[in-house]
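*Asks:* The structure follows.
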Amino acid sequence: MKTIDGLLTPRIESENVTYSALIEPKDEVVLVLGNENRVEITEEGITITGKGKDELDLGQSYLRQLKLIFDARLPICSFSFYSPSYRYRGFHIDCVRHFVSVEELKRLIDAMSLVGYNYFHWHLTDDQGWRFAVPGYDRLETISSTRYIYDNNDQKHVHKGFYSREDLEAIEEFSKERGITVIPEMETPGHAEALLSAYPEFGCTGKEIPVQNNWGVFENVMNPSSPELWVFLEKAIAELASVFHGPFIHIGGDECPHKQWEDHQGCRKIMEEYGLKDTNELQGWFTSKASGIVKKYGKRAMGWDEVVDAPSIDKDVVVMSWRGLDGARKATARGHNVVLCPENGGCYMDRYQSHDPWELGNLSYSLPKESYDLDISMKELGEKERSLILGAQCCVWGEKLHSGREMEYMLFPRVFILGENLWLGDRKNWEKMKERRKVLSDITWKLNLVSCPGSWD
Ligand code: ACM
C-alpha cells in the first residue's frame, strides 16, 4: 500500500491516505453538496462531496493534481479535507506596468485555481497604461495603451497592450470554469495619467501629457468636478459590470496626490456645496460617488485603504488594507468589510523572496515564512470587527516583472504558503508546512511552473 496524502497541497484532513491501484480517470464526476468534504475514487466512479462551492471546486482541483502526479491516472482512494477558514482568497496581478497576454494570464489563473485561490483581482489601469476597451472611447486603445521608452542611446522603444471586450470575456469564462471570480480594477482618482493622456479634459489642468514611463506617484489626477469624467466613469463601470459575473468592481483610491485639487475652482465649488472641509473629504466624496455608480450596476466597490483616510465613505465599500494593517483597524471599526494584503506582511509578492544577490524583485524582502506568519484573523480586534475580515490576498506589481513567467516565479512557492494560511487559519503549523516542500516542488515541476528555490525562512 502506498500513501498519497503527502502529494497533495496541505489541506487534507485525513492522514496517511493509501491507495491500492491506479485506474483510468472517468469523464463523469458526481458532485454532492453535503455535510462533509470528501473525495472518493473507486472502480465504479468518482464522487466529490463538499459543504459548499469552494469545497467542491477544491475537490476537483485535487483530482487535477492527482492526475498530474500519477501521469494521467487516478489512485483508488478516499480522503477528507478541510473547509477554508476564509471565504476570500485572492491574487492580484498588475497587467499595466508590463502587459500580460491573455494566454499568460490563463496559465497563471489555472495554477492559482489548483492551490485554492478564488478571486482574481485584475489591475487594468494605471499611470503607465489603460488596458481595457470602453465603447465610444477609442483613444484608450490608440493612445492610453502605449508608452514610449528611451534607452541610453536615446533610441525609442514601444511598450503597449490592450484587452478587447472579447479578451475580458475570455478571461471571465476561463476563470469561472476554474471556480475563480474576477474583480476588475479601474484606478480612480489617482494613477490616471494614461487616461489623461488621451482625455486631458478629465484632469484638472486640461493639458496634454504623455503616458507615464516612470514608476511612482504622479500629480496629474482625475478632476472630481468634470462632468465628462463622470459620464466616462459610468460607461467604464457599466462595461465591466456587463462582462464580469462577480460581486465586486475595484475603484482604486490609492496614492492620489491632492495638490491639483487644492486651488482648483471646480473642486472648491464641490467642497463648498457639500460642506467638505478639506481635500481628504473631497476624496471621500469621490469614493462614495463612484461606489454609488458601481451599486447602480449591481456590484459592490472595493478600494485600497486610502479610501478610509476620509472620515466617512459609503459603508458598502470593501477596504483592502495594504499599508500595513492600520487600514483594516480603521475600516473594521467603521463597519467596513476588509481584505488584508499588507505590503510588509507577506502579501506583496513583487518583493525579493530571498537574500540572494541575483534574486528577482523590487523594493524590499518578503521571505516565504512571512506569508505564513500573517495573522489573518487579527486577534487584536474585537469579535464584531474580526467578523468583517473576508480574507487576504497576494499582490504582484509589475514594475520589475516583464512577463507572466516572471510573475509565476514571484508567486511560487509563496502562494502555496499564503494559501495554506488562508485555508487552515488557526490550524496552521509551520513545521508541517516545511515538510511539504519537496511535494510542492514536485507539483510545480509537473506543471512546468517556475518557482523560487530559495530558503523559506
Ligand atoms: C498600492 O500598492 N499602491 C496599492
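Naming scheme: A, B, ... for chains in displayed order of the C-alpha cells; residues 1 onward per chain; ligands 1 onward as shown.
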Around ligand 1, out to 12 Å and counting only C-alpha atoms and all ligand atoms, which residues are there? I want them as a ChimeraX atom specification.
*Replies:* /A:92-94,121,123,126-127,185,187-188,190-191,215-218,250-256,302-307,319-324,327,340-344,347-351,363,393-399
*Asks:* Which residues are near Ile46 (chain A)? Cut-off 7 Å, only C-alpha atoms, ignore same chain within fewer than 6 positions. Put them as a ChimeraX atom specification.
*Replies:* /A:29-30,40
*Asks:* Could you write out the selected residues, including N, CA and C atoms, as a PDB file, in the first residue's frame?
*Replies:*
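Final output, saved to part.pdb:
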```pdb
ATOM      1  N   VAL A  29     -17.800  13.029 -13.024  1.00  0.00           N
ATOM      2  CA  VAL A  29     -17.527  13.162 -11.591  1.00  0.00           C
ATOM      3  C   VAL A  29     -18.837  13.581 -10.938  1.00  0.00           C
ATOM      4  N   VAL A  30     -19.256  12.845  -9.903  1.00  0.00           N
ATOM      5  CA  VAL A  30     -20.507  13.187  -9.221  1.00  0.00           C
ATOM      6  C   VAL A  30     -20.196  14.201  -8.123  1.00  0.00           C
ATOM      7  N   GLU A  40     -13.851  10.587  -3.232  1.00  0.00           N
ATOM      8  CA  GLU A  40     -13.871   9.117  -3.248  1.00  0.00           C
ATOM      9  C   GLU A  40     -13.644   8.640  -4.666  1.00  0.00           C
TER      10      GLU A  40
END
```
*Asks:* Rounded to one decimal, what separation in Å do you get between CA of Glu169 (chain A) and CA of Val243 (chain A)?
*Replies:*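 The value is 6.1 Å.
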*Asks:* With only C-alpha atoms as the counted atoms, please give the residues lying no more than 8 Å from Lys330 (chain A), apart from itself and same-chain residues fewer than 4 positions off, as a PyMOL selection string.
*Replies:* chain A and resi 308+326+334
*Asks:* Deliver the residues from the most recent selection as a file, using N, CA and C atoms, as an mmCIF file, in the first residue's frame.
*Replies:*
```cif
data_model
loop_
_atom_site.group_PDB
_atom_site.id
_atom_site.type_symbol
_atom_site.label_atom_id
_atom_site.label_comp_id
_atom_site.auth_asym_id
_atom_site.auth_seq_id
_atom_site.Cartn_x
_atom_site.Cartn_y
_atom_site.Cartn_z
ATOM 1 N N VAL A 308 -10.232 55.035 3.387
ATOM 2 C CA VAL A 308 -10.694 55.377 4.746
ATOM 3 C C VAL A 308 -9.830 56.453 5.414
ATOM 4 N N ASP A 326 -3.187 49.034 9.568
ATOM 5 C CA ASP A 326 -3.945 50.165 10.116
ATOM 6 C C ASP A 326 -5.243 50.404 9.353
ATOM 7 N N ARG A 334 -15.118 51.083 11.588
ATOM 8 C CA ARG A 334 -16.209 51.859 10.975
ATOM 9 C C ARG A 334 -17.217 50.975 10.242
#
```
*Asks:* Tell me which protein, DNA and RNA residues are within 8 Å of Tyr409 (chain A), counting only C-alpha atoms, leaving out same-chain ones fewer than 6 positions away, and put them as a compact mmCIF listing (two decimals) with N, CA, C and O atoms, in the first residue's frame.
*Replies:*
```txt
# COMPACT_ATOMS: atom_id res chain seq x y z
N LEU A 449 5.87 24.99 -13.79
CA LEU A 449 5.79 26.35 -13.23
C LEU A 449 7.17 26.73 -12.72
O LEU A 449 7.80 25.94 -12.01
N VAL A 450 7.62 27.93 -13.07
CA VAL A 450 8.90 28.34 -12.49
C VAL A 450 8.66 28.78 -11.06
O VAL A 450 7.65 29.42 -10.75
N SER A 451 9.57 28.39 -10.15
CA SER A 451 9.39 28.79 -8.76
C SER A 451 10.74 29.08 -8.13
O SER A 451 11.77 28.60 -8.60
N CYS A 452 10.70 29.84 -7.06
CA CYS A 452 11.96 30.27 -6.43
C CYS A 452 12.54 29.14 -5.58
O CYS A 452 11.83 28.58 -4.74
```
*Asks:* If we count only C-alpha atoms, what is near Thr18 (chain A) at a cut-off of 7 Å, once residues fewer than 5 positions away on the same chain are taken out, given as a list of chain:residue names?
*Replies:*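 Final neighbour list, sorted by chain and number: A:Met1, A:Lys2, A:Thr3, A:Ile4, A:Cys77.
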*Asks:* For Gly34 (chain A), which of A:Arg147, A:Lys289, A:Arg64, A:Lys51 is the closest residue, counting only C-alpha atoms?
*Replies:*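 Of all the options, A:Lys51 lies closest to Gly34 (chain A).
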*Asks:* Point out the residue among A:Ala290, A:Leu418, A:Ile183, A:Leu367 with the least atom-to-atom distance to Trp230 (chain A), counting only C-alpha atoms.
*Replies:* A:Ala290
*Asks:* Identify, on the basis of only C-alpha atoms, every residue whose closest approach to Glu24 (chain A) does not exceed 10 Å; exclude the query and any residue fewer than 4 positions from it along the same chain; express the result as a PDB file with C-alpha atoms, in the first residue's frame.
*Replies:*
```
ATOM      1  CA  GLU A  43     -13.501   1.483  -9.848  1.00  0.00           C
ATOM      2  CA  LYS A  67      -3.848  13.148 -12.449  1.00  0.00           C
ATOM      3  CA  ALA A  72      -2.983  10.948 -16.147  1.00  0.00           C
ATOM      4  CA  ARG A  73      -4.279   8.112 -13.960  1.00  0.00           C
ATOM      5  CA  LEU A  74      -6.028   8.164 -10.593  1.00  0.00           C
ATOM      6  CA  PRO A  75      -5.352   6.217  -7.408  1.00  0.00           C
TER       7      PRO A  75
END
```
*Asks:* My list of candidates is A:Tyr274, A:Tyr88, A:Ile23, A:His98. Which is closest to Met407 (chain A) when distances are computed with only C-alpha atoms?
*Replies:*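 Using only C-alpha atoms, Met407 (chain A) sits closest to A:His98.
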*Asks:* If you count only C-alpha atoms, which residues fall within 6 Å of Thr332 (chain A), apart from same-chain ones fewer than 4 positions away, as a ChimeraX atom specification?
*Replies:* /A:328,336,385
*Asks:* Report as a compact mmCIF listing (two decimals) with N, CA, C and O atoms, in the first residue's frame: the residues of region 54-203 of chain A with a DSSP assignment of helix (DSSP H, G or I), based on the backbone of this structure.
*Replies:*
```
# COMPACT_ATOMS: atom_id res chain seq x y z
N ASP A 54 -16.89 26.28 -2.67
CA ASP A 54 -15.42 26.29 -2.53
C ASP A 54 -14.87 24.88 -2.38
O ASP A 54 -13.85 24.52 -2.97
N GLU A 55 -15.55 24.08 -1.57
CA GLU A 55 -15.07 22.73 -1.29
C GLU A 55 -15.22 21.84 -2.53
O GLU A 55 -14.34 21.02 -2.82
N LEU A 56 -16.33 22.02 -3.27
CA LEU A 56 -16.50 21.22 -4.50
C LEU A 56 -15.41 21.60 -5.52
O LEU A 56 -14.85 20.74 -6.20
N ASP A 57 -15.11 22.90 -5.60
CA ASP A 57 -14.04 23.33 -6.51
C ASP A 57 -12.70 22.74 -6.09
O ASP A 57 -11.91 22.28 -6.91
N LEU A 58 -12.44 22.76 -4.78
CA LEU A 58 -11.15 22.24 -4.32
C LEU A 58 -11.06 20.73 -4.57
O LEU A 58 -10.03 20.23 -5.01
N GLY A 59 -12.19 20.03 -4.32
CA GLY A 59 -12.20 18.58 -4.58
C GLY A 59 -11.80 18.30 -6.03
O GLY A 59 -11.01 17.40 -6.32
N GLN A 60 -12.33 19.13 -6.94
CA GLN A 60 -11.98 18.92 -8.35
C GLN A 60 -10.52 19.27 -8.62
O GLN A 60 -9.86 18.63 -9.45
N SER A 61 -10.00 20.25 -7.90
CA SER A 61 -8.58 20.56 -8.14
C SER A 61 -7.70 19.45 -7.58
O SER A 61 -6.62 19.19 -8.11
N TYR A 62 -8.16 18.75 -6.52
CA TYR A 62 -7.40 17.57 -6.05
C TYR A 62 -7.32 16.51 -7.17
O TYR A 62 -6.29 15.88 -7.36
N LEU A 63 -8.44 16.33 -7.88
CA LEU A 63 -8.42 15.34 -8.97
C LEU A 63 -7.39 15.74 -10.02
O LEU A 63 -6.65 14.91 -10.54
N ARG A 64 -7.37 17.05 -10.33
CA ARG A 64 -6.40 17.52 -11.34
C ARG A 64 -4.97 17.28 -10.85
O ARG A 64 -4.11 16.85 -11.61
N GLN A 65 -4.74 17.55 -9.57
CA GLN A 65 -3.39 17.32 -9.03
C GLN A 65 -3.02 15.84 -9.08
O GLN A 65 -1.90 15.48 -9.43
N LEU A 66 -3.99 15.01 -8.70
CA LEU A 66 -3.70 13.56 -8.69
C LEU A 66 -3.37 13.06 -10.09
O LEU A 66 -2.45 12.26 -10.27
N LYS A 67 -4.13 13.57 -11.06
CA LYS A 67 -3.85 13.15 -12.45
C LYS A 67 -2.45 13.58 -12.87
O LYS A 67 -1.75 12.87 -13.59
N LEU A 68 -2.05 14.75 -12.42
CA LEU A 68 -0.69 15.21 -12.73
C LEU A 68 0.35 14.29 -12.10
O LEU A 68 1.30 13.86 -12.75
N ILE A 69 0.11 14.02 -10.84
CA ILE A 69 1.10 13.25 -10.08
C ILE A 69 1.18 11.82 -10.58
O ILE A 69 2.27 11.23 -10.65
N VAL A 102 -3.36 37.43 -22.72
CA VAL A 102 -4.47 36.57 -22.28
C VAL A 102 -3.96 35.14 -22.04
O VAL A 102 -4.30 34.50 -21.04
N GLU A 103 -3.10 34.65 -22.91
CA GLU A 103 -2.59 33.27 -22.75
C GLU A 103 -1.77 33.12 -21.48
O GLU A 103 -1.91 32.16 -20.75
N GLU A 104 -0.92 34.11 -21.22
CA GLU A 104 -0.10 34.05 -20.00
C GLU A 104 -0.97 34.15 -18.75
O GLU A 104 -0.74 33.47 -17.75
N LEU A 105 -2.00 35.00 -18.83
CA LEU A 105 -2.90 35.13 -17.68
C LEU A 105 -3.63 33.83 -17.41
O LEU A 105 -3.80 33.42 -16.26
N LYS A 106 -4.05 33.17 -18.48
CA LYS A 106 -4.78 31.90 -18.29
C LYS A 106 -3.90 30.90 -17.56
O LYS A 106 -4.35 30.15 -16.70
N ARG A 107 -2.64 30.87 -17.91
CA ARG A 107 -1.70 29.95 -17.27
C ARG A 107 -1.59 30.23 -15.76
O ARG A 107 -1.61 29.33 -14.93
N LEU A 108 -1.52 31.54 -15.42
CA LEU A 108 -1.42 31.91 -14.00
C LEU A 108 -2.73 31.57 -13.27
O LEU A 108 -2.71 31.04 -12.16
N ILE A 109 -3.85 31.88 -13.90
CA ILE A 109 -5.16 31.63 -13.27
C ILE A 109 -5.34 30.14 -13.03
O ILE A 109 -5.79 29.69 -11.97
N ASP A 110 -4.94 29.35 -14.00
CA ASP A 110 -5.06 27.89 -13.88
C ASP A 110 -4.25 27.39 -12.68
O ASP A 110 -4.74 26.61 -11.86
N ALA A 111 -3.02 27.87 -12.59
CA ALA A 111 -2.16 27.42 -11.48
C ALA A 111 -2.75 27.86 -10.14
O ALA A 111 -2.76 27.09 -9.17
N MET A 112 -3.27 29.09 -10.08
CA MET A 112 -3.80 29.59 -8.81
C MET A 112 -5.06 28.84 -8.40
O MET A 112 -5.31 28.64 -7.22
N SER A 113 -5.83 28.40 -9.38
CA SER A 113 -7.05 27.65 -9.03
C SER A 113 -6.68 26.29 -8.43
O SER A 113 -7.42 25.73 -7.63
N LEU A 114 -5.54 25.78 -8.81
CA LEU A 114 -5.12 24.49 -8.25
C LEU A 114 -4.71 24.58 -6.80
O LEU A 114 -4.71 23.60 -6.09
N ARG A 139 -9.68 56.38 -28.10
CA ARG A 139 -8.30 56.80 -27.83
C ARG A 139 -7.66 56.03 -26.67
O ARG A 139 -6.46 56.10 -26.45
N LEU A 140 -8.48 55.29 -25.91
CA LEU A 140 -7.89 54.44 -24.88
C LEU A 140 -6.96 53.44 -25.54
O LEU A 140 -5.88 53.14 -25.03
N GLU A 141 -7.42 52.91 -26.66
CA GLU A 141 -6.59 51.91 -27.35
C GLU A 141 -5.45 52.56 -28.14
O GLU A 141 -4.32 52.09 -28.11
N THR A 142 -5.76 53.66 -28.82
CA THR A 142 -4.72 54.22 -29.70
C THR A 142 -3.68 55.04 -28.93
O THR A 142 -2.54 55.13 -29.35
N ILE A 143 -4.07 55.63 -27.79
CA ILE A 143 -3.10 56.46 -27.05
C ILE A 143 -2.76 55.87 -25.67
O ILE A 143 -1.59 55.63 -25.37
N SER A 144 -3.79 55.59 -24.86
CA SER A 144 -3.52 55.25 -23.45
C SER A 144 -2.88 53.87 -23.25
O SER A 144 -2.40 53.58 -22.16
N ARG A 165 -13.04 43.68 -25.51
CA ARG A 165 -14.13 43.07 -24.73
C ARG A 165 -14.06 41.54 -24.82
O ARG A 165 -14.29 40.83 -23.85
N GLU A 166 -13.72 41.03 -26.00
CA GLU A 166 -13.61 39.57 -26.17
C GLU A 166 -12.52 38.99 -25.27
O GLU A 166 -12.67 37.90 -24.72
N ASP A 167 -11.43 39.74 -25.11
CA ASP A 167 -10.36 39.28 -24.21
C ASP A 167 -10.86 39.22 -22.76
O ASP A 167 -10.59 38.26 -22.04
N LEU A 168 -11.58 40.27 -22.36
CA LEU A 168 -12.12 40.29 -20.98
C LEU A 168 -13.06 39.10 -20.79
O LEU A 168 -13.02 38.39 -19.78
N GLU A 169 -13.89 38.86 -21.81
CA GLU A 169 -14.86 37.75 -21.71
C GLU A 169 -14.14 36.40 -21.66
O GLU A 169 -14.55 35.49 -20.94
N ALA A 170 -13.04 36.31 -22.40
CA ALA A 170 -12.29 35.04 -22.40
C ALA A 170 -11.72 34.76 -21.01
O ALA A 170 -11.76 33.63 -20.52
N ILE A 171 -11.21 35.80 -20.35
CA ILE A 171 -10.64 35.61 -19.00
C ILE A 171 -11.76 35.32 -18.00
O ILE A 171 -11.63 34.46 -17.12
N GLU A 172 -12.88 36.01 -18.17
CA GLU A 172 -14.03 35.76 -17.28
C GLU A 172 -14.47 34.29 -17.38
O GLU A 172 -14.64 33.60 -16.38
N GLU A 173 -14.61 33.82 -18.59
CA GLU A 173 -15.11 32.45 -18.79
C GLU A 173 -14.10 31.41 -18.27
O GLU A 173 -14.45 30.47 -17.56
N PHE A 174 -12.84 31.63 -18.61
CA PHE A 174 -11.77 30.70 -18.18
C PHE A 174 -11.70 30.64 -16.65
O PHE A 174 -11.57 29.57 -16.06
N SER A 175 -11.80 31.81 -16.02
CA SER A 175 -11.71 31.86 -14.55
C SER A 175 -12.92 31.17 -13.92
O SER A 175 -12.78 30.39 -12.98
N LYS A 176 -14.09 31.48 -14.44
CA LYS A 176 -15.33 30.93 -13.89
C LYS A 176 -15.30 29.40 -13.91
O LYS A 176 -15.67 28.74 -12.95
N GLU A 177 -14.81 28.86 -15.03
CA GLU A 177 -14.73 27.40 -15.14
C GLU A 177 -13.84 26.80 -14.06
O GLU A 177 -13.94 25.63 -13.74
N GLU A 193 -2.67 58.86 -15.22
CA GLU A 193 -2.03 59.64 -16.28
C GLU A 193 -2.26 59.06 -17.68
O GLU A 193 -2.35 59.80 -18.65
N ALA A 194 -2.35 57.73 -17.78
CA ALA A 194 -2.57 57.15 -19.12
C ALA A 194 -3.93 57.57 -19.67
O ALA A 194 -4.07 57.89 -20.85
N LEU A 195 -4.92 57.61 -18.79
CA LEU A 195 -6.26 58.06 -19.21
C LEU A 195 -6.20 59.54 -19.62
O LEU A 195 -6.74 59.94 -20.66
N LEU A 196 -5.53 60.34 -18.79
CA LEU A 196 -5.49 61.79 -19.05
C LEU A 196 -4.68 62.12 -20.30
O LEU A 196 -4.90 63.17 -20.91
N SER A 197 -3.78 61.23 -20.69
CA SER A 197 -3.01 61.50 -21.90
C SER A 197 -3.93 61.49 -23.12
O SER A 197 -3.72 62.23 -24.08
N ALA A 198 -4.97 60.68 -23.08
CA ALA A 198 -5.91 60.62 -24.21
C ALA A 198 -7.08 61.58 -24.01
O ALA A 198 -7.64 62.09 -24.99
N PRO A 200 -7.45 64.72 -21.82
CA PRO A 200 -7.00 65.72 -20.84
C PRO A 200 -8.15 66.44 -20.16
O PRO A 200 -8.00 66.96 -19.05
N GLU A 201 -9.31 66.45 -20.81
CA GLU A 201 -10.46 67.14 -20.20
C GLU A 201 -10.96 66.46 -18.92
O GLU A 201 -11.74 67.04 -18.16
N PHE A 202 -10.52 65.23 -18.65
CA PHE A 202 -10.90 64.55 -17.39
C PHE A 202 -10.00 64.98 -16.22
O PHE A 202 -10.19 64.57 -15.09
```
*Asks:* May I ask which of the residues A:Ala238, A:Val439, A:Ile313, A:Val115 is the closest one to Lys296 (chain A), counting only C-alpha atoms?
*Replies:* A:Ala238
*Asks:* What's the separation between CA of Trp130 (chain A) and CA of His402 (chain A), in Å to one decimal place?
*Replies:*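 Interatomic distance here is 16.9 Å.
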*Asks:* DSSP on the backbone: which residues in region 279-384 of chain A end up as strand (DSSP E)? Give the answer as a PyMOL selection string.
*Replies:* chain A and resi 300-304+318-321+338-340+351-352+362-365
